[in-house]
Each structure stands twice: as structure tokens, then as C-alpha cells.
file run.csv (CSV, C-alpha atoms)
chain,number,residue,atom,x,y,z
Z,1,MET,CA,-22.6,27.8,-3.2
Z,2,VAL,CA,-18.9,28.4,-3.0
Z,3,SER,CA,-16.8,30.8,-1.0
Z,4,ALA,CA,-16.6,34.5,-2.0
Z,5,LEU,CA,-12.9,34.0,-2.8
Z,6,LEU,CA,-13.5,31.1,-5.2
Z,7,ALA,CA,-16.5,32.9,-6.7
Z,8,ASN,CA,-14.2,35.9,-7.4
Z,9,VAL,CA,-11.5,33.7,-9.0
Z,10,LEU,CA,-14.0,32.0,-11.2
Z,11,ALA,CA,-15.5,35.3,-12.3
Z,12,ALA,CA,-12.2,36.9,-13.0
Z,13,ARG,CA,-11.1,34.0,-15.2
Z,14,ARG,CA,-14.5,33.1,-16.7
Z,15,PRO,CA,-13.7,33.3,-20.4
Z,16,LEU,CA,-10.6,31.1,-20.0
Z,17,LEU,CA,-12.3,28.6,-17.7
Z,18,ASN,CA,-15.3,28.4,-19.9
Z,19,GLN,CA,-13.0,27.6,-22.8
Z,20,ARG,CA,-11.3,24.9,-20.8
Z,21,VAL,CA,-14.7,23.3,-20.0
Z,22,ALA,CA,-15.6,23.4,-23.7
Z,23,GLU,CA,-12.3,21.7,-24.7
Z,24,ALA,CA,-12.8,19.1,-22.0
Z,25,ARG,CA,-16.4,18.3,-23.3
Z,26,HIS,CA,-15.0,18.1,-26.8
Z,27,ARG,CA,-12.3,15.6,-25.6
Z,28,THR,CA,-14.9,13.7,-23.5
Z,29,PRO,CA,-18.4,14.1,-25.0
Z,30,GLY,CA,-20.0,12.2,-22.2
Z,31,MET,CA,-18.3,14.2,-19.4
Z,32,ASP,CA,-20.4,14.5,-16.3
Z,33,LEU,CA,-20.7,18.3,-15.7
Z,34,PRO,CA,-22.7,18.0,-12.5
Z,35,ALA,CA,-19.9,15.8,-11.1
Z,36,PHE,CA,-17.4,18.5,-12.0
Z,37,ARG,CA,-19.5,21.2,-10.4
Z,38,ALA,CA,-19.6,19.1,-7.2
Z,39,PHE,CA,-15.8,18.7,-7.5
Z,40,VAL,CA,-15.4,22.5,-7.6
Z,41,SER,CA,-17.6,23.0,-4.5
Z,42,ASP,CA,-16.3,20.0,-2.5
Z,43,THR,CA,-12.6,20.0,-3.4
Z,44,LEU,CA,-11.5,23.2,-5.1
Z,45,ASP,CA,-13.4,25.5,-2.7
Z,46,PRO,CA,-11.9,24.1,0.5
Z,47,MET,CA,-8.4,24.3,-1.2
Z,48,CYS,CA,-9.2,27.9,-2.2
Z,49,VAL,CA,-10.3,28.9,1.3
Z,50,ASP,CA,-7.2,27.3,3.0
Z,51,LEU,CA,-4.7,28.7,0.6
Z,52,GLY,CA,-6.4,32.1,0.5
Z,53,SER,CA,-6.1,32.4,4.2
Z,54,VAL,CA,-2.3,32.5,3.7
Z,55,ASP,CA,-1.7,34.1,0.3
Z,56,GLU,CA,-4.8,35.2,-1.6
Z,57,GLN,CA,-2.9,36.5,-4.6
Z,58,ALA,CA,-1.0,33.2,-5.2
Z,59,THR,CA,-4.2,31.3,-4.8
Z,60,VAL,CA,-5.6,32.6,-8.1
Z,61,ALA,CA,-2.9,30.9,-10.2
Z,62,ILE,CA,-3.2,27.7,-8.1
Z,63,ILE,CA,-6.9,27.4,-8.5
Z,64,GLU,CA,-6.7,28.2,-12.2
Z,65,ALA,CA,-4.3,25.3,-12.7
Z,66,ALA,CA,-6.3,23.0,-10.4
Z,67,PHE,CA,-9.5,23.8,-12.4
Z,68,GLY,CA,-7.9,22.6,-15.6
Z,69,ILE,CA,-6.4,19.5,-14.1
Z,70,GLY,CA,-9.6,18.7,-12.3
Z,71,LEU,CA,-11.6,18.8,-15.5
Z,72,ASP,CA,-9.5,16.0,-16.9
Z,73,LEU,CA,-9.5,14.0,-13.7
Z,74,VAL,CA,-13.3,14.2,-13.4
Z,75,ALA,CA,-13.7,13.2,-17.0
Z,76,GLN,CA,-11.5,10.1,-16.4
Z,77,GLY,CA,-13.5,9.1,-13.3
Z,78,LEU,CA,-10.6,9.8,-11.0
Z,79,ALA,CA,-12.0,12.7,-9.0
Z,80,GLY,CA,-15.4,14.1,-8.0
Z,81,PRO,CA,-18.4,12.3,-6.5
Z,82,GLY,CA,-18.4,9.6,-9.2
Z,83,ALA,CA,-14.7,8.8,-8.9
Z,84,ARG,CA,-13.5,5.2,-8.8
Z,85,GLN,CA,-11.3,6.2,-5.8
Z,86,PRO,CA,-11.7,8.9,-3.2
Z,87,TRP,CA,-8.0,9.7,-3.0
Z,88,ILE,CA,-7.4,12.6,-5.3
Z,89,ASP,CA,-10.1,14.7,-3.7
Z,90,ARG,CA,-8.8,13.9,-0.2
Z,91,ALA,CA,-5.2,14.5,-1.2
Z,92,TRP,CA,-5.8,17.8,-2.8
Z,93,ARG,CA,-7.8,19.0,0.2
Z,94,ASP,CA,-5.4,17.7,2.9
Z,95,LEU,CA,-2.2,18.6,1.2
Z,96,ALA,CA,-3.0,22.1,-0.2
Z,97,LEU,CA,-1.8,24.0,2.9
Z,98,PRO,CA,1.2,21.7,3.7
Z,99,MET,CA,2.6,22.0,0.2
Z,100,ARG,CA,1.5,25.6,-0.6
Z,101,HIS,CA,5.1,26.7,-1.1
Z,102,LEU,CA,5.4,24.2,-4.0
Z,103,LEU,CA,1.9,25.0,-5.3
Z,104,THR,CA,2.9,28.7,-5.5
Z,105,THR,CA,5.9,28.0,-7.7
Z,106,ALA,CA,4.7,25.0,-9.7
Z,107,PRO,CA,1.0,24.4,-9.3
Z,108,ALA,CA,0.4,22.1,-12.2
Z,109,ASP,CA,3.5,19.9,-11.6
Z,110,THR,CA,2.8,19.7,-7.8
Z,111,LEU,CA,-0.9,18.7,-8.3
Z,112,GLY,CA,0.1,16.3,-11.0
Z,113,THR,CA,2.7,14.6,-8.8
Z,114,VAL,CA,0.3,14.1,-6.0
Z,115,SER,CA,-2.5,12.9,-8.3
Z,116,ASN,CA,-0.4,10.4,-10.1
Z,117,ALA,CA,0.9,9.1,-6.8
Z,118,VAL,CA,-2.5,8.5,-5.2
Z,119,VAL,CA,-3.9,6.9,-8.3
Z,120,ARG,CA,-1.0,4.5,-8.4
Z,121,LEU,CA,-1.2,3.7,-4.7
Z,122,GLY,CA,-5.0,3.3,-4.8
Z,123,GLY,CA,-4.6,0.8,-7.6
Z,124,VAL,CA,-2.7,-1.7,-5.5
Z,125,PRO,CA,-4.8,-3.7,-3.0
Z,126,GLY,CA,-3.9,-3.4,0.6
Z,127,ILE,CA,-2.0,-0.1,0.4
Z,128,ASP,CA,-2.8,2.4,3.1
Z,129,VAL,CA,-3.4,5.5,0.9
Z,130,GLY,CA,-4.9,7.4,3.8
Z,131,ARG,CA,-1.7,7.0,5.8
Z,132,TRP,CA,0.4,8.1,2.8
Z,133,ILE,CA,-1.6,11.3,2.6
Z,134,SER,CA,-1.3,11.9,6.3
Z,135,ASP,CA,2.4,11.3,6.4
Z,136,LEU,CA,3.0,13.5,3.4
Z,137,ALA,CA,0.9,16.3,5.0
Z,138,THR,CA,3.3,16.2,8.0
Z,139,LEU,CA,6.5,16.2,5.9
Z,140,ALA,CA,5.6,18.3,2.9
Z,141,PRO,CA,6.4,21.6,4.7
Z,142,ARG,CA,10.0,20.3,5.0
Z,143,CYS,CA,10.3,19.6,1.3
Z,144,ALA,CA,12.0,22.6,-0.3
Z,145,THR,CA,11.6,21.4,-3.8
Z,146,LEU,CA,9.2,19.3,-5.8
Z,147,GLU,CA,12.0,16.7,-6.3
Z,148,ALA,CA,12.3,16.4,-2.5
Z,149,LEU,CA,8.5,15.9,-2.2
Z,150,ARG,CA,8.7,13.1,-4.8
Z,151,THR,CA,11.5,11.4,-2.8
Z,152,VAL,CA,9.6,11.7,0.5
Z,153,GLY,CA,6.5,10.5,-1.3
Z,154,ALA,CA,8.4,7.4,-2.5
Z,155,LEU,CA,9.6,6.6,1.1
Z,156,CYS,CA,6.1,7.2,2.5
Z,157,ALA,CA,4.6,4.9,-0.2
Z,158,TRP,CA,7.0,2.2,0.8
Z,159,ARG,CA,6.0,2.7,4.4
Z,160,ALA,CA,2.3,2.6,3.4
Z,161,GLY,CA,2.8,-1.0,2.0
Z,162,MET,CA,4.4,-0.6,-1.5
Z,163,SER,CA,7.0,-3.2,-0.6
Z,164,HIS,CA,8.3,-3.5,-4.2
Z,165,LEU,CA,9.5,0.2,-4.0
Z,166,ARG,CA,11.9,-0.6,-1.2
Z,167,VAL,CA,15.2,-0.5,-3.1
Z,168,ALA,CA,14.2,2.4,-5.3
Z,169,ALA,CA,13.0,4.5,-2.3
Z,170,LEU,CA,16.2,3.8,-0.4
Z,171,ASP,CA,18.3,4.8,-3.4
Z,172,GLN,CA,16.3,8.1,-3.7
Z,173,ALA,CA,16.7,8.9,0.0
Z,174,GLY,CA,20.2,10.1,-0.5
Z,175,ARG,CA,18.8,13.1,-2.4
Z,176,ILE,CA,17.2,14.7,0.7
Z,177,GLU,CA,18.2,15.7,4.2
Z,178,PRO,CA,19.0,12.6,6.3
Z,179,SER,CA,16.6,13.7,9.1
Z,180,LEU,CA,13.8,14.0,6.5
Z,181,ALA,CA,14.5,10.5,5.2
Z,182,ALA,CA,14.4,9.1,8.7
Z,183,ALA,CA,11.1,10.8,9.4
Z,184,ALA,CA,9.6,9.5,6.2
Z,185,VAL,CA,10.2,5.9,7.3
Z,186,GLY,CA,8.7,6.6,10.7
Z,187,ALA,CA,11.9,6.9,12.7
Z,188,PRO,CA,12.4,10.7,13.2
Z,189,ASP,CA,14.5,10.1,16.4
Z,190,GLN,CA,17.0,7.8,14.7
Z,191,ALA,CA,20.0,8.7,12.6
Z,192,TRP,CA,19.7,7.9,8.9
Z,193,THR,CA,23.3,6.7,8.9
Z,194,ASP,CA,22.2,3.9,11.2
Z,195,LEU,CA,18.8,3.3,9.6
Z,196,GLU,CA,19.7,3.1,6.0
Z,197,PRO,CA,22.2,0.2,6.1
Z,198,ARG,CA,19.9,-1.7,8.4
Z,199,LEU,CA,16.9,-1.2,6.1
Z,200,ARG,CA,19.0,-2.4,3.1
Z,201,ALA,CA,20.4,-5.4,4.9
Z,202,ASP,CA,17.1,-6.8,6.3
Z,203,ARG,CA,13.8,-6.3,4.5
Z,204,TRP,CA,12.0,-7.7,7.5
Z,205,TRP,CA,13.4,-5.2,10.0
Z,206,HIS,CA,11.0,-2.4,11.1
Z,207,PRO,CA,12.4,0.8,12.6
Z,208,GLU,CA,9.7,0.8,15.3
Z,209,HIS,CA,9.0,-2.9,15.9
Z,210,GLY,CA,12.2,-4.8,15.1
Z,211,VAL,CA,12.0,-7.9,13.0
Z,212,ALA,CA,8.5,-8.9,11.8
Z,213,SER,CA,9.1,-12.6,12.7
Z,214,GLN,CA,5.6,-13.7,11.8
Z,215,GLY,CA,5.8,-12.4,8.3
Z,216,ARG,CA,2.7,-11.7,6.2
Z,217,THR,CA,-0.3,-13.7,4.9
Z,218,VAL,CA,-1.3,-12.7,1.4
Z,219,GLY,CA,-3.7,-13.9,-1.2
Z,220,GLY,CA,-7.2,-15.2,-1.0
Z,221,PHE,CA,-9.9,-16.7,-3.3
Z,222,THR,CA,-11.1,-14.5,-6.1
Z,223,GLY,CA,-14.7,-15.3,-5.2
Z,224,PHE,CA,-14.1,-13.3,-1.9
Z,225,GLY,CA,-12.1,-10.5,-3.4
Z,226,GLY,CA,-8.6,-12.1,-3.4
Z,227,PRO,CA,-6.2,-12.5,-6.3
Z,228,PHE,CA,-6.1,-16.3,-6.6
Z,229,ALA,CA,-8.7,-18.4,-8.5
Z,230,GLU,CA,-6.9,-21.6,-7.5
Z,231,PRO,CA,-4.5,-22.5,-4.7
Z,232,PRO,CA,-1.2,-20.8,-5.5
Z,233,VAL,CA,2.2,-22.4,-6.2
Z,234,ALA,CA,5.2,-20.3,-5.5
Z,235,ARG,CA,8.8,-20.1,-6.6
Z,236,ALA,CA,11.5,-17.9,-5.2
Z,237,THR,CA,13.1,-15.0,-7.1
Z,238,ALA,CA,15.7,-12.4,-6.1
Z,239,ASP,CA,13.1,-10.0,-4.7
Z,240,GLY,CA,10.2,-12.1,-3.8
Z,241,PHE,CA,8.1,-15.0,-5.2
Z,242,VAL,CA,6.5,-15.7,-8.6
Z,243,VAL,CA,3.2,-17.4,-8.1
Z,244,GLN,CA,1.0,-19.5,-10.4
Z,245,SER,CA,-2.7,-19.7,-9.8
Z,246,GLY,CA,-4.5,-21.6,-12.6
Z,247,GLU,CA,-3.7,-19.8,-15.8
Z,248,ARG,CA,-2.5,-16.6,-14.1
Z,249,TRP,CA,0.8,-15.5,-12.7
Z,250,PHE,CA,1.7,-13.0,-10.0
Z,251,LEU,CA,4.7,-11.4,-8.3
Z,252,VAL,CA,4.5,-11.4,-4.5
Z,253,VAL,CA,6.8,-9.0,-2.7
Z,254,CYS,CA,6.7,-8.7,1.1
Z,255,ASP,CA,8.7,-6.9,3.8
Z,256,ALA,CA,8.3,-5.3,7.2
Z,257,PHE,CA,6.1,-2.5,5.8
Z,258,GLY,CA,3.7,-4.5,3.7
Z,259,ALA,CA,3.0,-6.9,0.9
Z,260,VAL,CA,1.9,-6.5,-2.7
Z,261,VAL,CA,0.6,-9.0,-5.3
Z,262,LEU,CA,1.4,-7.7,-8.8
Z,263,PRO,CA,0.9,-9.2,-12.3
Z,264,ALA,CA,3.6,-11.5,-13.7
Z,265,THR,CA,4.0,-13.8,-16.6
Z,266,ALA,CA,4.3,-17.5,-17.3
Z,267,ALA,CA,7.9,-16.9,-18.5
Z,268,GLU,CA,8.8,-15.3,-15.1
Z,269,PHE,CA,7.4,-18.4,-13.3
Z,270,THR,CA,9.3,-20.7,-15.6
Z,271,GLN,CA,12.6,-18.8,-15.1
Z,272,ALA,CA,12.2,-18.8,-11.3
Z,273,ASP,CA,14.0,-21.4,-9.3
Z,274,ALA,CA,11.9,-24.6,-9.0
Z,275,ARG,CA,14.6,-26.1,-6.8
Z,276,SER,CA,13.7,-23.6,-4.1
Z,277,VAL,CA,10.6,-25.6,-3.2
Z,278,THR,CA,10.6,-28.2,-0.5
Z,279,ALA,CA,8.0,-30.1,1.5
Z,280,LEU,CA,7.4,-29.4,5.2
Z,281,PRO,CA,5.4,-31.3,7.7
Z,282,ILE,CA,2.8,-29.5,9.8
Z,283,THR,CA,3.1,-30.2,13.5
Z,284,PRO,CA,1.2,-29.0,16.6
Z,285,ARG,CA,3.8,-26.3,16.9
Z,286,GLY,CA,3.2,-25.2,13.3
Z,287,VAL,CA,5.9,-25.4,10.6
Z,288,ASN,CA,9.6,-25.6,11.1
Z,289,VAL,CA,11.3,-23.1,8.6
Z,290,THR,CA,15.1,-23.1,8.6
Z,291,GLY,CA,15.2,-24.3,12.2
Z,292,ARG,CA,12.5,-22.1,13.5
Z,293,ASP,CA,9.0,-23.2,14.5
Z,294,VAL,CA,6.3,-20.8,13.1
Z,295,ALA,CA,2.7,-21.0,14.2
Z,296,VAL,CA,0.7,-20.8,11.0
Z,297,ARG,CA,-2.8,-22.0,10.1
Z,298,ILE,CA,-2.5,-24.2,7.0
Z,299,PRO,CA,-5.0,-27.0,6.5
Z,300,GLY,CA,-3.7,-30.5,6.1
Z,301,ASP,CA,-0.7,-32.3,7.5
Z,302,SER,CA,2.0,-30.9,5.1
Z,303,ALA,CA,2.8,-27.8,3.2
Z,304,SER,CA,5.4,-26.7,0.6
Z,305,ALA,CA,7.9,-23.9,1.1
Z,306,ALA,CA,9.6,-21.8,-1.6
Z,307,LEU,CA,12.9,-20.8,0.1
Z,308,GLY,CA,14.4,-17.5,-1.0
Z,309,ARG,CA,17.5,-15.6,0.2
Z,310,HIS,CA,15.5,-13.6,2.7
Z,311,SER,CA,12.0,-15.1,2.9
Z,312,ALA,CA,10.1,-18.4,2.7
Z,313,ALA,CA,6.6,-18.7,1.1
Z,314,LEU,CA,4.5,-21.5,2.5
Z,315,PHE,CA,1.7,-22.8,0.4
Z,316,SER,CA,-0.7,-25.8,0.1
Z,317,PRO,CA,-3.2,-27.2,-2.4
Z,318,LEU,CA,-5.8,-26.7,0.4
Z,319,THR,CA,-5.6,-22.9,0.7
Z,320,HIS,CA,-5.7,-19.8,-1.5
Z,321,TYR,CA,-3.3,-18.0,0.9
Z,322,LEU,CA,0.5,-17.7,1.0
Z,323,HIS,CA,2.3,-17.3,4.3
Z,324,VAL,CA,5.6,-15.4,3.7
Z,325,LEU,CA,8.1,-15.5,6.5
Z,326,PRO,CA,11.6,-14.1,7.1
Z,327,VAL,CA,14.2,-16.8,7.1
Z,328,SER,CA,16.8,-14.7,9.0
Z,329,ALA,CA,14.7,-14.1,12.1
call {"tool": "encode", "arguments": {"input": "run.csv", "output": "C-alpha cells"}}
result
Amino acid sequence: MVSALLANVLAARRPLLNQRVAEARHRTPGMDLPAFRAFVSDTLDPMCVDLGSVDEQATVAIIEAAFGIGLDLVAQGLAGPGARQPWIDRAWRDLALPMRHLLTTAPADTLGTVSNAVVRLGGVPGIDVGRWISDLATLAPRCATLEALRTVGALCAWRAGMSHLRVAALDQAGRIEPSLAAAAVGAPDQAWTDLEPRLRADRWWHPEHGVASQGRTVGGFTGFGGPFAEPPVARATADGFVVQSGERWFLVVCDAFGAVVLPATAAEFTQADARSVTALPITPRGVNVTGRDVAVRIPGDSASAALGRHSAALFSPLTHYLHVLPVSA
């Protein structure tokens, strides 16, 4: 059963919506129609009820657009009860009211923007997609345009752990109100004119917690869900570290907001600075990195460190983890 409002919308648009279902089944012969029906009742109906409580007339066009997009998403396994990730359903439900002003003027583009974002976020291990949705729900009412929503979304994605988006997100921040940019990085009471240069200058500085002096531990053995089949070897690059593990290569990017492990190539590893790697003894106090003792748990009596401009990556043939630390703290 669905709400009376959604039932009325579906009845009023039945010929068009039936045609869209037929087209979707033609594009995807094995489409799971029961899953789509569940998507309609579990995701579209709550959206319809929330939006209809504010503007019932505008809700009709929004639900019509959402119906068509939802067909494709369910067919691709991205929405509905059989989805590979839960994020599209949650984002649509949680963000419908906060971004209703954008849905009213551009329903398909707005839903597409949010859907693409959560699919991308959900595809990167360790990213707090739930936090991204929650943060955007708070800030979306302040986004006067879809472009502003995208910019805020990029800043919130960086804050949720997408550390490789740092520079791009900061570059985009100039397109929105400074107070909105400050709120998007979790510092609503601070001036963006103070925040922005500090965030650019020190990737390890956090607006709420100061410098993340202990850095981040990333990686893990593939047999336990990690990315590395063999203990990693790291080399420094301009923005992070290129890592070799067996016959696979990765880009590791860390900052105060999070860490990502992305695919890389053998060529990128070869081009990275092999001279950045040095041996370090492990003492009872830990490892001394650029004059600072850091307490890290690394097996054995020595480790190697790839030293970059802003970070050091500690690694050892006895562990599948990297310890990435700030060198300026």
C-alpha cells in the first residue's frame, strides 16, 4: 500500500508511467519488477508524503521524474531492496524536503546529482556516506542553486573522508557564500577568510581538532577485506604516496578528514621518487620521524619511511598496513 497522494499521482500518470516501465524492461530484460515496486513504496512514497505536505502540486512533477530515474537505478542494482548499496534510497528520502526548492525547479538534475554523488562515495572504502547525507540535509536549504548544492556536496564529501578531493573542493568553495563554505567543512563559527588559507597550507589541520599529529593507518590484508595482497612498499608523490603490493599499485591520499586508497599504475610507481624512502629504527618510544617520536605499532625492529613534502608513510615487510603521518606537526 502507498499513500493516497502517491496513488493519485500514479493513477493520473498511468499511461506515461506504464510506457516508462515497458521501455525499462526492454532495455533490461531481466529487470526485477518486485524490487521496483518495493522501491516505489519504500522510497518514492515517503518522498511523496514529505513533499506533498509542503506543495502537493509541485510534488506531481517531482515524483514523475523520480519514477523514471528510479526505474534505471533499480535496473542497475543501485536502488531498491536488492541494491548493492543502501545510499540512494536513504539520500532520496532524507534529502527530499531539505532540497525541495531545487527539486521543484529541476527534479531530474537534482536527483541525478545526489544519486551520482552517493554512488561515487559508496564506491570508496572507508567513506562516511551517512555523514555526507546528514551534512547535506542540514545545508541544502541554504543552497539557492543546484551549482551551490554541488559545491557544498564536494566540501561535505571531502569532510566525509574523500581526501583526494581536497584541492578541488577548496577551489570550488569560492563560488558559494563564505559562511556556507565554513559550515560545509564543519566550522560554522569561523570565518572562511581564516579557514581557507589554513586548510590549503596544512592538509593535516582540522578546523575542530587542530593538527592530526598521529596521522592515519590505512591498508590491510586482502584476505580480511583490505586492499593489499602483500606488504606494501610506498613512494612519495606530490599529493600522497604510490604503493606497490605484489602486482598491483595504489594511490594513497591522507589528510585530517580521512584517507583513500585508489587504483594506480606501475608507471606511476616507477615515476615516483624512490629517493624519498629511508630506513628508520623502531625504539621503545616508537619511530622518530623528522625529529619527532611517534608511537606506532609496527612489527620488527626497523621500518621504512617514504618522506613527502607534507607526510611520511611508514611501512614494513612484516605488515599489510601503512602508517601515514604529518611531517610538519
call {"tool": "atom_distance", "arguments": {"input": "run.csv", "atom1": "CA of Gly300 (chain Z)", "atom2": "CA of Val287 (chain Z)"}}
result
11.8 Å
call {"tool": "residues_around", "arguments": {"input": "run.csv", "residues": "Ala274 (chain Z)", "least_positions_apart": "5", "cutoff": "9 Å", "atoms": "all atoms listed in the file", "output": "ChimeraX atom specification"}}
result
/Z:234-236,269,306
call {"tool": "closest_residue", "arguments": {"input": "run.csv", "among": "Z:Thr110, Z:Asn116, Z:Thr237, Z:Gln214", "to": "Glu268 (chain Z)", "atoms": "only C-alpha atoms"}}
result
Z:Thr237
call {"tool": "residues_around", "arguments": {"input": "run.csv", "residues": "Trp132 (chain Z)", "least_positions_apart": "5", "cutoff": "8 Å", "atoms": "only C-alpha atoms", "output": "list in words"}}
result
Gly153, Cys156, Ala157, Arg159 and Ala160 of chain Z
call {"tool": "atom_distance", "arguments": {"input": "run.csv", "atom1": "CA of Phe228 (chain Z)", "atom2": "CA of Gly122 (chain Z)"}}
result
19.7 Å
call {"tool": "decode", "arguments": {"input": "run.csv", "residues": "region 25-57 of chain Z", "atoms": "N, CA and C atoms", "output": "CSV table (one decimal), in the first residue's frame"}}
result
chain,number,residue,atom,x,y,z
Z,25,ARG,N,12.0,-2.3,-19.2
Z,25,ARG,CA,12.1,-3.8,-19.3
Z,25,ARG,C,12.7,-4.2,-20.6
Z,26,HIS,N,12.5,-3.3,-21.7
Z,26,HIS,CA,13.1,-3.6,-23.0
Z,26,HIS,C,14.6,-3.4,-22.9
Z,27,ARG,N,15.0,-2.3,-22.2
Z,27,ARG,CA,16.5,-2.0,-22.0
Z,27,ARG,C,17.1,-3.1,-21.1
Z,28,THR,N,16.4,-3.5,-20.1
Z,28,THR,CA,16.9,-4.5,-19.1
Z,28,THR,C,16.0,-5.7,-19.0
Z,29,PRO,N,16.1,-6.7,-19.9
Z,29,PRO,CA,15.1,-7.8,-19.9
Z,29,PRO,C,14.9,-8.5,-18.6
Z,30,GLY,N,15.9,-8.6,-17.8
Z,30,GLY,CA,15.9,-9.2,-16.5
Z,30,GLY,C,15.5,-8.4,-15.3
Z,31,MET,N,15.0,-7.2,-15.6
Z,31,MET,CA,14.7,-6.2,-14.5
Z,31,MET,C,13.8,-6.8,-13.5
Z,32,ASP,N,14.1,-6.5,-12.2
Z,32,ASP,CA,13.3,-7.1,-11.1
Z,32,ASP,C,12.2,-6.1,-10.8
Z,33,LEU,N,11.0,-6.4,-11.3
Z,33,LEU,CA,9.8,-5.6,-11.1
Z,33,LEU,C,9.4,-5.6,-9.6
Z,34,PRO,N,9.4,-6.7,-8.9
Z,34,PRO,CA,9.1,-6.7,-7.5
Z,34,PRO,C,10.0,-5.7,-6.7
Z,35,ALA,N,11.3,-5.7,-7.1
Z,35,ALA,CA,12.2,-4.8,-6.4
Z,35,ALA,C,11.8,-3.3,-6.7
Z,36,PHE,N,11.4,-3.0,-7.9
Z,36,PHE,CA,11.0,-1.7,-8.2
Z,36,PHE,C,9.7,-1.3,-7.5
Z,37,ARG,N,8.8,-2.2,-7.4
Z,37,ARG,CA,7.5,-2.0,-6.6
Z,37,ARG,C,7.9,-1.6,-5.2
Z,38,ALA,N,8.9,-2.4,-4.6
Z,38,ALA,CA,9.3,-2.1,-3.2
Z,38,ALA,C,10.0,-0.7,-3.2
Z,39,PHE,N,10.7,-0.4,-4.2
Z,39,PHE,CA,11.3,1.0,-4.2
Z,39,PHE,C,10.3,2.1,-4.2
Z,40,VAL,N,9.2,1.8,-5.0
Z,40,VAL,CA,8.1,2.8,-5.0
Z,40,VAL,C,7.5,3.0,-3.6
Z,41,SER,N,7.2,1.9,-3.0
Z,41,SER,CA,6.6,2.0,-1.6
Z,41,SER,C,7.5,2.5,-0.5
Z,42,ASP,N,8.8,2.0,-0.6
Z,42,ASP,CA,9.7,2.3,0.5
Z,42,ASP,C,10.5,3.6,0.3
Z,43,THR,N,10.6,4.1,-0.9
Z,43,THR,CA,11.4,5.3,-1.1
Z,43,THR,C,10.6,6.4,-1.8
Z,44,LEU,N,9.9,6.1,-2.9
Z,44,LEU,CA,9.1,7.2,-3.5
Z,44,LEU,C,7.9,7.6,-2.6
Z,45,ASP,N,7.3,6.7,-2.0
Z,45,ASP,CA,6.1,7.1,-1.2
Z,45,ASP,C,6.5,8.0,0.0
Z,46,PRO,N,7.6,7.7,0.8
Z,46,PRO,CA,7.9,8.7,1.8
Z,46,PRO,C,8.3,10.1,1.3
Z,47,MET,N,9.0,10.1,0.1
Z,47,MET,CA,9.3,11.3,-0.6
Z,47,MET,C,8.0,12.1,-0.9
Z,48,CYS,N,7.1,11.4,-1.5
Z,48,CYS,CA,5.8,12.0,-1.9
Z,48,CYS,C,5.1,12.6,-0.7
Z,49,VAL,N,5.0,11.9,0.4
Z,49,VAL,CA,4.3,12.3,1.6
Z,49,VAL,C,5.0,13.6,2.1
Z,50,ASP,N,6.3,13.6,2.2
Z,50,ASP,CA,7.1,14.7,2.8
Z,50,ASP,C,6.9,15.9,1.9
Z,51,LEU,N,7.1,15.8,0.6
Z,51,LEU,CA,7.0,16.9,-0.3
Z,51,LEU,C,5.6,17.4,-0.4
Z,52,GLY,N,4.6,16.5,-0.5
Z,52,GLY,CA,3.2,16.8,-0.6
Z,52,GLY,C,2.7,17.6,0.6
Z,53,SER,N,3.3,17.5,1.7
Z,53,SER,CA,2.9,18.2,2.9
Z,53,SER,C,3.3,19.7,2.8
Z,54,VAL,N,4.2,20.0,1.8
Z,54,VAL,CA,4.6,21.4,1.6
Z,54,VAL,C,3.9,22.0,0.4
Z,55,ASP,N,4.0,21.2,-0.7
Z,55,ASP,CA,3.5,21.7,-2.0
Z,55,ASP,C,3.0,20.5,-2.8
Z,56,GLU,N,1.7,20.2,-2.7
Z,56,GLU,CA,1.2,19.0,-3.4
Z,56,GLU,C,1.3,19.1,-4.9
Z,57,GLN,N,1.1,20.3,-5.4
Z,57,GLN,CA,1.1,20.4,-6.9
Z,57,GLN,C,2.5,20.2,-7.5
